[in-house]
$ cat coords04.txt   # compact mmCIF, C-alpha atoms
# COMPACT_ATOMS: atom_id res chain seq x y z
CA MET A 1 -59.89 -4.28 -50.73
CA LEU A 2 -56.71 -4.44 -52.77
CA ARG A 3 -53.47 -4.95 -50.89
CA PRO A 4 -49.99 -4.60 -52.29
CA LYS A 5 -48.35 -7.91 -53.11
CA HIS A 6 -45.12 -7.02 -51.38
CA THR A 7 -44.64 -4.60 -48.57
CA VAL A 8 -41.24 -3.52 -47.43
CA PRO A 9 -41.00 -2.23 -43.88
CA ILE A 10 -39.39 1.16 -43.69
CA SER A 11 -37.41 1.81 -40.53
CA LEU A 12 -38.33 5.10 -38.96
CA GLU A 13 -35.49 4.67 -36.48
CA MET A 14 -37.99 5.24 -33.67
CA ALA A 15 -36.14 3.08 -31.14
CA GLU A 16 -32.83 4.84 -31.78
CA LYS A 17 -34.46 8.26 -31.68
CA SER A 18 -36.29 7.37 -28.46
CA ASP A 19 -33.05 6.22 -26.85
CA GLU A 20 -31.33 9.43 -27.86
CA LEU A 21 -34.12 11.56 -26.41
CA LYS A 22 -34.16 9.56 -23.17
CA ARG A 23 -30.39 10.07 -22.87
CA LEU A 24 -30.73 13.84 -23.34
CA ILE A 25 -33.49 14.01 -20.73
CA ARG A 26 -31.28 12.10 -18.27
CA GLU A 27 -28.28 14.34 -18.99
CA TYR A 28 -30.25 17.61 -18.87
CA PRO A 29 -33.14 16.99 -16.45
CA ASP A 30 -33.62 20.69 -15.66
CA TYR A 31 -33.91 21.80 -19.28
CA ASP A 32 -37.25 22.56 -20.86
CA ILE A 33 -38.39 20.41 -23.78
CA ALA A 34 -39.48 22.25 -26.89
CA PHE A 35 -40.90 20.97 -30.18
CA LEU A 36 -40.09 22.78 -33.40
CA VAL A 37 -41.86 21.74 -36.57
CA GLY A 38 -40.38 22.48 -39.97
CA PRO A 39 -42.39 23.82 -42.88
CA ASP A 40 -42.53 20.44 -44.61
CA ALA A 41 -43.73 18.43 -41.59
CA CYS A 42 -47.36 18.51 -42.64
CA CYS A 43 -48.88 19.58 -45.90
CA ASP A 44 -52.49 18.68 -45.25
CA ASP A 45 -55.16 18.75 -42.56
CA CYS A 46 -54.18 15.37 -41.19
CA TYR A 47 -51.68 13.96 -38.75
CA THR A 48 -48.52 12.55 -40.20
CA TYR A 49 -45.27 11.09 -38.98
CA ALA A 50 -42.30 13.37 -39.47
CA SER A 51 -39.61 11.34 -41.17
CA CYS A 52 -36.75 13.61 -40.14
CA ILE A 53 -36.48 13.98 -36.38
CA ARG A 54 -33.44 15.37 -34.66
CA PHE A 55 -32.58 16.71 -31.25
CA GLU A 56 -30.33 19.48 -30.10
CA ILE A 57 -29.45 21.25 -26.91
CA GLY A 58 -29.98 24.95 -27.30
CA GLU A 59 -31.71 28.05 -26.08
CA LEU A 60 -35.10 29.51 -26.85
CA LEU A 61 -36.34 33.02 -26.24
CA ASP A 62 -39.38 32.68 -23.99
CA CYS A 63 -41.06 35.95 -24.98
CA ALA A 64 -42.01 37.86 -28.10
CA PRO A 65 -39.28 40.14 -29.41
CA PRO A 66 -40.36 43.70 -30.23
CA TYR A 67 -39.33 43.42 -33.87
CA ASP A 68 -41.79 40.64 -34.72
CA PRO A 69 -45.49 41.38 -34.09
CA ASP A 70 -46.57 37.92 -35.30
CA PHE A 71 -43.96 36.08 -33.22
CA GLU A 72 -46.41 34.61 -30.69
CA ARG A 73 -48.38 33.00 -33.48
CA TYR A 74 -45.66 31.96 -35.90
CA GLY A 75 -42.20 32.43 -34.56
CA VAL A 76 -39.50 30.99 -32.46
CA CYS A 77 -36.17 32.55 -31.66
CA ASN A 78 -33.37 30.13 -30.92
CA ASP A 79 -30.30 32.00 -32.14
CA ARG A 80 -28.80 34.78 -30.01
CA ASP A 81 -26.76 36.21 -32.88
CA GLU A 82 -29.81 36.44 -35.12
CA PHE A 83 -31.76 37.98 -32.25
CA TYR A 84 -29.02 40.60 -31.76
CA GLU A 85 -29.00 41.50 -35.45
CA ASN A 86 -32.80 41.70 -35.70
CA LEU A 87 -33.07 43.78 -32.53
CA GLU A 88 -30.31 46.13 -33.70
CA GLU A 89 -32.06 46.64 -37.04
CA TRP A 90 -35.40 47.21 -35.32
CA LEU A 91 -33.88 49.77 -32.92
CA TRP A 92 -32.28 51.63 -35.81
CA ASP A 93 -35.63 51.82 -37.61
CA GLU A 94 -37.33 53.07 -34.44
CA LEU A 95 -34.94 55.99 -33.92
CA ASP A 96 -35.69 59.36 -35.40
CA ARG A 97 -33.15 60.99 -37.72
CA PRO A 98 -31.76 63.58 -35.29
CA SER A 99 -31.01 60.84 -32.74
CA LYS A 100 -29.21 58.78 -35.37
CA ARG A 101 -27.00 61.72 -36.40
CA GLN A 102 -26.09 62.63 -32.81
CA MET A 103 -25.17 59.12 -31.67
CA SER A 104 -21.56 57.91 -31.88
CA ASP A 105 -20.75 54.29 -32.74
CA ALA A 106 -19.84 53.63 -29.11
CA GLU A 107 -23.15 55.11 -27.91
CA TRP A 108 -25.05 53.04 -30.46
CA ASP A 109 -23.28 49.83 -29.42
CA ALA A 110 -24.03 50.57 -25.76
CA ARG A 111 -27.69 51.21 -26.55
CA VAL A 112 -28.04 47.95 -28.48
CA LYS A 113 -26.25 45.96 -25.76
CA ALA A 114 -28.51 47.49 -23.10
CA GLU A 115 -31.62 46.56 -25.08
CA VAL A 116 -30.35 43.01 -25.69
CA ALA A 117 -29.55 42.63 -21.98
CA LYS A 118 -33.24 43.22 -21.16
CA TYR A 119 -33.94 39.83 -22.74
CA ASP A 120 -31.20 37.81 -21.00
CA GLU A 121 -33.58 36.44 -18.36
CA PHE A 122 -35.94 35.16 -21.07
CA TRP A 123 -33.42 32.84 -22.74
CA ARG A 124 -34.09 29.28 -21.55
CA LYS A 125 -31.96 26.19 -22.02
CA ALA A 126 -33.91 23.46 -23.77
CA ILE A 127 -33.83 20.05 -25.34
CA ILE A 128 -35.15 20.95 -28.75
CA ILE A 129 -36.98 18.32 -30.79
CA ILE A 130 -37.07 19.26 -34.46
CA ALA A 131 -39.47 17.44 -36.74
CA ASP A 132 -39.75 17.79 -40.49
CA ASN A 133 -40.03 15.77 -43.69
$ encode --input "coords04.txt" --output "C-alpha cells"
Amino acid sequence: MLRPKHTVPISLEMAEKSDELKRLIREYPDYDIAFLVGPDACCDDCYTYASCIRFEIGELLDCAPPYDPDFERYGVCNDRDEFYENLEEWLWDELDRPSKRQMSDAEWDARVKAEVAKYDEFWRKAIIIIADN
C-alpha cells in the first residue's frame, strides 16, 4: 500500500467547536437542539465530516406550514419574517377573486396576522447546529 511521504494534519477545530457547543448547552439548557445540514455537506452515499460547523441560537417552526407540501421531507423554517411572507403569499393565492376585491388593506393585514398567530405555539427556541462543506 502506498502512503504519502508527508502528511500535514489539518485542524478541524473540533475541540473549540465542542467547547462552544457545551457552553451553549449550559447557557440554554431548556432549548431544543436541532441539526441543519447544508446542501454541500455530503455529495455521495457515504459519511463525511462537515468542515464548516457553526452554532446559533434561534427558533424553528415545529410543524409543516400550509404553503409547503414537501416541508416534512425537505424543509425547515427558522425565519419568522420569511414564514410571514410565504404564508401571506399562500393566503393570497388561496383566496378567490371576489374576496380579494372586497377586502381592504386593513382587513387583509388582520387576516394574515390571525393566520400567522395560529403558528405562534409551534415556534421553539433551539440551539441550532449547522453543518456544511
$ closest_residue --input "coords04.txt" --among "A:Asn133, A:Ser18, A:Tyr28, A:Trp123" --to "A:Leu61" --atoms "all atoms listed in the file"
A:Trp123
$ atom_distance --input "coords04.txt" --atom1 "atom CA of A:Asp79" --atom2 "atom CA of A:Tyr31"
16.8 Å
$ closest_residue --input "coords04.txt" --among "A:Asp70, A:Asp32, A:Glu85, A:Leu21" --to "A:Val112" --atoms "all atoms listed in the file"
A:Glu85
$ atom_distance --input "coords04.txt" --atom1 "atom CA of A:Ile129" --atom2 "atom CA of A:Asp68"
23.2 Å
$ residues_around --input "coords04.txt" --residues "A:Asp109" --least-positions-apart "6" --cutoff "12 Å" --atoms "only C-alpha atoms" --output "PyMOL selection string"
chain A and resi 84-85+87-88+91-92+103+115-116
$ atom_distance --input "coords04.txt" --atom1 "atom CA of A:Phe55" --atom2 "atom CA of A:Tyr119"
24.7 Å
